[in-house]
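Participant: Structure in structure tokens, see below.
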Amino acid sequence: MGKILVLAEHDQHALKDVTRELLAAAARIGEPVAVVVGLPGTGDALLAELGAAGAKTAYVAETEHAEDVLATPAVLALETVANTVDDIAGILIASSVDGKDVAARLSVRLNTGLIADAVNVEESDGTVMATQQVLGGTYSVKSTVRGIPIITIRPGTIEVTQPTSAQPSKITIDIVVDPVGSGQVVARDEDEIASSGRPDLRTADIIVSGGRGIGSKENFAIIEQLADALGAAVGASRAAVDAGYIEHKAQVGQTGATVSPRLYVAVGISGAIQHLAGMQSAKTIVAINKDANAPIFQFADFGIVGDLFEIVPQLIKAVNARRSDELINI
Ligand SMILES: Cc1cc2nc3c(=O)[nH]c(=O)nc-3n(C[C@H](O)[C@H](O)[C@H](O)COP(=O)(O)OP(=O)(O)OC[C@H]3O[C@@H](n4cnc5c(N)ncnc54)[C@H](O)[C@@H]3O)c2cc1C
């Protein structure tokens with residue numbers, strides 16, 4: 001197999017975890033090649049980390065517009081590399097909001113196919129095959145593309161392999177970003193971004209989600225307390241969002257966020273297919289529900305049948321006790 005381009009997601013100083021996952025996926029099927037788009041200086045800042053994550057080469061496009069123009073800089077950089085470098089077998093991009101925007105635009109520019117929300121990639125008879133979970137996770141679909149496949153991969157679904165220590169070779173590419181005609185960032189609400197201090201829902205390792213069973217906005221504090229004890233992000237079912245217990249950005253499911261954490265704790269959530277569609281690829285699912293026949297138990301790895309208002313406080317106490325024991329032992 002040839003080279004697999006990976007669009008690096010980063011905060012200008014450090015790689016996001018999903019980039020390591022994409023590079024690990026690329027290494028399974030071909031030669032991992034990173035494409036970095038950032039402010040001036042970003043390429044050098046990220047080079048060692050990219051090498052440790054397995055990138056053999058890094059194409060670096062630096063522009064003052066990296067943070068204030070949406071999608072266009074990354075599309076231009078990937079298009080330039082795809083049109084000038086030989087032997088490209090695939091392009092991997094994170095299934096983030098920005099990643100999917102870039103992937104869709106790039107597929108039009110390169111006139112090639114796009115497979116979105118994959119949970120795995122493999123090599124099959126010299127082509128890149130992607131696996132998606134569809135119809136609420138009821139079916140796994142394997143598909144490929146004639147030409148160079150562009151594949152977006154859900155964060156959290158790929159095991160990261162052992163790091164390497166080789167420094168990738170850096171190749172600078174020039175892109176000219178014209179902000180006119182592109183989506184632009186005109187303001188940022190830093191208070192909103194920093195307010196909870198919890199991990200980002202879409203990339204969190206652990207998520208605690210509450211449903212209609214929580215009963216009220218005030219009661220939803222119990223979900224936040226369990227999330228804080230576990231260092232988790234807070235999620236919710238649509239019923240909880242519609243009832244006003246929590247804001248829409250916490251919604252998980254078909255019309256909310258798609259997540260793949262290591263641990264998903266569903267509290268007072270029945271397990272409707274539209275909710276499962278957003279979280280079924282979680283590695284371990286724990287469900288707490290007073291109805292032993294709730295559909296969520298068919299998908300849960302661990303189930304607790306009982307009243308959440310009795311169980312969750314005990315869970316918080318046990319997690320906090322365990323944490324302070326560990327702290328004392330250090
Ligand atoms: C087009 C469309 C898109 C949708 N998109 C989404 C989506 O993105 N995400 C989503 O979540 N839903 C979505 N839905 C809605 C979905 O169909 C369900 O209505 C919703 O997921 C139900 O939420 P819930 O499980 O919190 O509520 P319910 O189904 O009402 O379940 C509440 C659960 O809490 C349990 N419970 C109650 N009290 C307690 C207690 N004290 N202790 C323990 N357990 C208790 C009950 O036994 C019950 O199982 C969508 C629907 C449509 C039609």
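To be explicit about the labels: the chains of the structure tokens are called A, B, and onward in the order shown, and within each one the residues are counted from 1, while ligands get numbers from 1 in the order they are shown.
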Please give me, as a ChimeraX atom specification, the residues lying within 6 Å of ligand 1 when counting only C-alpha atoms and all ligand atoms.

Facilitator: /A:211-213,237-240,252-256,268-272,274-275,288-291,294,306-309

Participant: Now that the selection is made, can you save its residues with C-alpha atoms as a short mmCIF file (atom, residue, chain, number, x, y, z; two decimals), in the first residue's frame?

Facilitator:
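Output (again_2.cif):
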data_model
loop_
_atom_site.label_atom_id
_atom_site.label_comp_id
_atom_site.auth_asym_id
_atom_site.auth_seq_id
_atom_site.Cartn_x
_atom_site.Cartn_y
_atom_site.Cartn_z
CA GLY A 211 -31.83 10.79 30.78
CA ARG A 212 -35.45 11.59 31.52
CA GLY A 213 -35.20 9.34 34.58
CA SER A 237 -30.43 11.92 26.12
CA ARG A 238 -32.63 14.07 23.94
CA ALA A 239 -35.51 13.65 26.39
CA ALA A 240 -33.34 15.19 29.13
CA VAL A 252 -25.70 12.25 22.54
CA GLY A 253 -27.32 10.40 19.67
CA GLN A 254 -28.59 10.61 16.13
CA THR A 255 -29.31 14.33 16.36
CA GLY A 256 -26.59 15.06 18.90
CA GLY A 268 -31.96 6.87 33.72
CA ILE A 269 -31.76 6.38 29.93
CA SER A 270 -34.00 3.75 28.31
CA GLY A 271 -31.77 3.05 25.28
CA ALA A 272 -33.83 4.27 22.32
CA GLN A 274 -31.61 7.19 18.31
CA HIS A 275 -29.58 7.41 21.53
CA ILE A 288 -28.29 2.25 35.65
CA ASN A 289 -32.05 1.92 35.27
CA LYS A 290 -34.91 0.88 37.55
CA ASP A 291 -36.63 -1.02 34.73
CA ALA A 294 -35.09 -1.27 29.52
CA GLY A 306 -32.39 0.01 40.72
CA ASP A 307 -33.26 3.56 41.68
CA LEU A 308 -30.57 5.92 40.40
CA PHE A 309 -31.03 8.18 43.41
#

Participant: Using only C-alpha atoms, which residues sit within 10 Å of Val18 of chain A once same-chain residues fewer than 3 positions away are excluded, as a ChimeraX atom specification?

Facilitator: /A:8-10,15,21-24,93-96,153-158,160,203

Participant: Print the selection's residues with N, CA and C atoms to a file, as a PDB file, in the first residue's frame.

Facilitator:
ATOM      1  N   ALA A   8      -3.590  16.342  10.690  1.00  0.00           N
ATOM      2  CA  ALA A   8      -3.295  16.424  12.126  1.00  0.00           C
ATOM      3  C   ALA A   8      -4.218  17.433  12.802  1.00  0.00           C
ATOM      4  N   GLU A   9      -4.897  17.002  13.861  1.00  0.00           N
ATOM      5  CA  GLU A   9      -5.655  17.951  14.697  1.00  0.00           C
ATOM      6  C   GLU A   9      -4.772  18.301  15.878  1.00  0.00           C
ATOM      7  N   HIS A  10      -4.735  19.580  16.228  1.00  0.00           N
ATOM      8  CA  HIS A  10      -3.820  20.041  17.276  1.00  0.00           C
ATOM      9  C   HIS A  10      -4.318  21.379  17.802  1.00  0.00           C
ATOM     10  N   LEU A  15      -0.444  17.782  19.853  1.00  0.00           N
ATOM     11  CA  LEU A  15      -1.412  17.014  19.054  1.00  0.00           C
ATOM     12  C   LEU A  15      -2.623  16.663  19.902  1.00  0.00           C
ATOM     13  N   GLU A  21      -4.462   8.490  17.017  1.00  0.00           N
ATOM     14  CA  GLU A  21      -5.317   7.375  16.578  1.00  0.00           C
ATOM     15  C   GLU A  21      -5.312   7.264  15.050  1.00  0.00           C
ATOM     16  N   LEU A  22      -5.401   8.407  14.366  1.00  0.00           N
ATOM     17  CA  LEU A  22      -5.408   8.389  12.895  1.00  0.00           C
ATOM     18  C   LEU A  22      -4.075   7.873  12.349  1.00  0.00           C
ATOM     19  N   LEU A  23      -2.970   8.293  12.984  1.00  0.00           N
ATOM     20  CA  LEU A  23      -1.657   7.830  12.517  1.00  0.00           C
ATOM     21  C   LEU A  23      -1.502   6.328  12.766  1.00  0.00           C
ATOM     22  N   ALA A  24      -2.053   5.844  13.890  1.00  0.00           N
ATOM     23  CA  ALA A  24      -2.004   4.396  14.162  1.00  0.00           C
ATOM     24  C   ALA A  24      -2.828   3.643  13.110  1.00  0.00           C
ATOM     25  N   ILE A  93      -9.149  11.558   8.177  1.00  0.00           N
ATOM     26  CA  ILE A  93      -9.478  12.820   8.844  1.00  0.00           C
ATOM     27  C   ILE A  93     -10.360  12.469  10.043  1.00  0.00           C
ATOM     28  N   ALA A  94     -10.238  13.221  11.131  1.00  0.00           N
ATOM     29  CA  ALA A  94     -11.068  12.941  12.307  1.00  0.00           C
ATOM     30  C   ALA A  94     -12.535  13.240  11.998  1.00  0.00           C
ATOM     31  N   SER A  95     -13.414  12.432  12.577  1.00  0.00           N
ATOM     32  CA  SER A  95     -14.863  12.678  12.413  1.00  0.00           C
ATOM     33  C   SER A  95     -15.333  13.742  13.402  1.00  0.00           C
ATOM     34  N   SER A  96     -14.616  14.837  13.442  1.00  0.00           N
ATOM     35  CA  SER A  96     -15.050  15.972  14.270  1.00  0.00           C
ATOM     36  C   SER A  96     -15.925  16.865  13.382  1.00  0.00           C
ATOM     37  N   ILE A 153     -12.772   9.225  10.644  1.00  0.00           N
ATOM     38  CA  ILE A 153     -12.776   8.168  11.665  1.00  0.00           C
ATOM     39  C   ILE A 153     -13.226   8.749  13.003  1.00  0.00           C
ATOM     40  N   ARG A 154     -14.150   8.034  13.644  1.00  0.00           N
ATOM     41  CA  ARG A 154     -14.641   8.511  14.942  1.00  0.00           C
ATOM     42  C   ARG A 154     -13.530   8.510  15.984  1.00  0.00           C
ATOM     43  N   PRO A 155     -13.336   9.625  16.686  1.00  0.00           N
ATOM     44  CA  PRO A 155     -12.346   9.644  17.761  1.00  0.00           C
ATOM     45  C   PRO A 155     -12.646   8.536  18.775  1.00  0.00           C
ATOM     46  N   GLY A 156     -11.585   7.903  19.269  1.00  0.00           N
ATOM     47  CA  GLY A 156     -11.757   6.911  20.334  1.00  0.00           C
ATOM     48  C   GLY A 156     -11.963   5.490  19.839  1.00  0.00           C
ATOM     49  N   THR A 157     -12.012   5.284  18.525  1.00  0.00           N
ATOM     50  CA  THR A 157     -12.310   3.928  18.044  1.00  0.00           C
ATOM     51  C   THR A 157     -11.055   3.146  17.644  1.00  0.00           C
ATOM     52  N   ILE A 158      -9.921   3.803  17.512  1.00  0.00           N
ATOM     53  CA  ILE A 158      -8.700   3.111  17.053  1.00  0.00           C
ATOM     54  C   ILE A 158      -7.718   2.990  18.219  1.00  0.00           C
ATOM     55  N   VAL A 160      -4.264   2.957  19.916  1.00  0.00           N
ATOM     56  CA  VAL A 160      -2.987   3.593  19.562  1.00  0.00           C
ATOM     57  C   VAL A 160      -1.871   2.588  19.797  1.00  0.00           C
ATOM     58  N   THR A 203     -14.649  13.934  22.483  1.00  0.00           N
ATOM     59  CA  THR A 203     -13.384  13.199  22.513  1.00  0.00           C
ATOM     60  C   THR A 203     -13.084  12.623  23.903  1.00  0.00           C
TER      61      THR A 203
END

Participant: Per DSSP on the backbone, filter segment 211-277 of chain A down to the residues in strand (DSSP E) and report them as a ChimeraX atom specification.

Facilitator: /A:233-236,263-267

Participant: Could the residues in this selection be saved with N, CA and C atoms as a compact mmCIF listing (two decimals), in the first residue's frame?

Facilitator:
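So the final result, stored in out_6.txt, reads:
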# COMPACT_ATOMS: atom_id res chain seq x y z
N ALA A 233 -16.79 13.64 30.95
CA ALA A 233 -17.65 14.65 30.33
C ALA A 233 -19.11 14.31 30.68
N VAL A 234 -19.97 15.32 30.60
CA VAL A 234 -21.40 15.11 30.88
C VAL A 234 -22.17 15.03 29.57
N GLY A 235 -22.96 13.96 29.42
CA GLY A 235 -23.82 13.82 28.26
C GLY A 235 -25.27 13.73 28.70
N ALA A 236 -26.17 13.60 27.71
CA ALA A 236 -27.59 13.53 28.03
C ALA A 236 -28.35 12.90 26.88
N LEU A 263 -15.40 4.48 28.45
CA LEU A 263 -16.47 4.12 29.39
C LEU A 263 -17.65 5.08 29.22
N TYR A 264 -18.85 4.52 29.03
CA TYR A 264 -20.06 5.33 28.90
C TYR A 264 -21.04 4.87 29.98
N VAL A 265 -21.40 5.78 30.88
CA VAL A 265 -22.32 5.43 31.96
C VAL A 265 -23.66 6.09 31.65
N ALA A 266 -24.68 5.27 31.38
CA ALA A 266 -26.01 5.78 31.02
C ALA A 266 -26.92 5.68 32.24
N VAL A 267 -27.36 6.82 32.73
CA VAL A 267 -28.15 6.84 33.98
C VAL A 267 -29.57 7.31 33.67

Participant: Name the closest residue to Val145 of chain A among the candidates A:Ala287, A:Leu114, A:Val185, A:Val259; distances are taken between atoms, counting only C-alpha atoms.

Facilitator: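 Under the stated criterion, the closest residue is A:Leu114.
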
Participant: Could you make a table, as CSV, of the residues of segment 136-155 of chain A that have an atom within 8 Å of an atom of segment 103-113 of chain A, each with its nearest atom pair and distance in Å to one decimal, counting only C-alpha atoms, in chain and number order?

Facilitator:
residue,atom,partner,partner_atom,distance
A:Val145,CA,A:Gly113,CA,5.7
A:Arg146,CA,A:Gly113,CA,7.3
A:Gly147,CA,A:Thr112,CA,6.1
A:Ile148,CA,A:Thr112,CA,6.3
A:Pro149,CA,A:Gly113,CA,5.7
A:Ile150,CA,A:Gly113,CA,6.3
A:Ile151,CA,A:Ala103,CA,7.7
A:Thr152,CA,A:Ala103,CA,7.2

Participant: Write the residues of the selection above to a file with C-alpha atoms, as a short mmCIF file (atom, residue, chain, number, x, y, z; two decimals), in the first residue's frame.

Facilitator:
data_model
loop_
_atom_site.label_atom_id
_atom_site.label_comp_id
_atom_site.auth_asym_id
_atom_site.auth_seq_id
_atom_site.Cartn_x
_atom_site.Cartn_y
_atom_site.Cartn_z
CA VAL A 145 -13.95 3.84 -2.87
CA ARG A 146 -12.65 3.79 -6.43
CA GLY A 147 -9.82 6.30 -6.45
CA ILE A 148 -8.29 7.80 -3.32
CA PRO A 149 -10.68 7.19 -0.40
CA ILE A 150 -11.27 10.02 2.04
CA ILE A 151 -12.30 8.48 5.35
CA THR A 152 -13.36 10.26 8.54
#
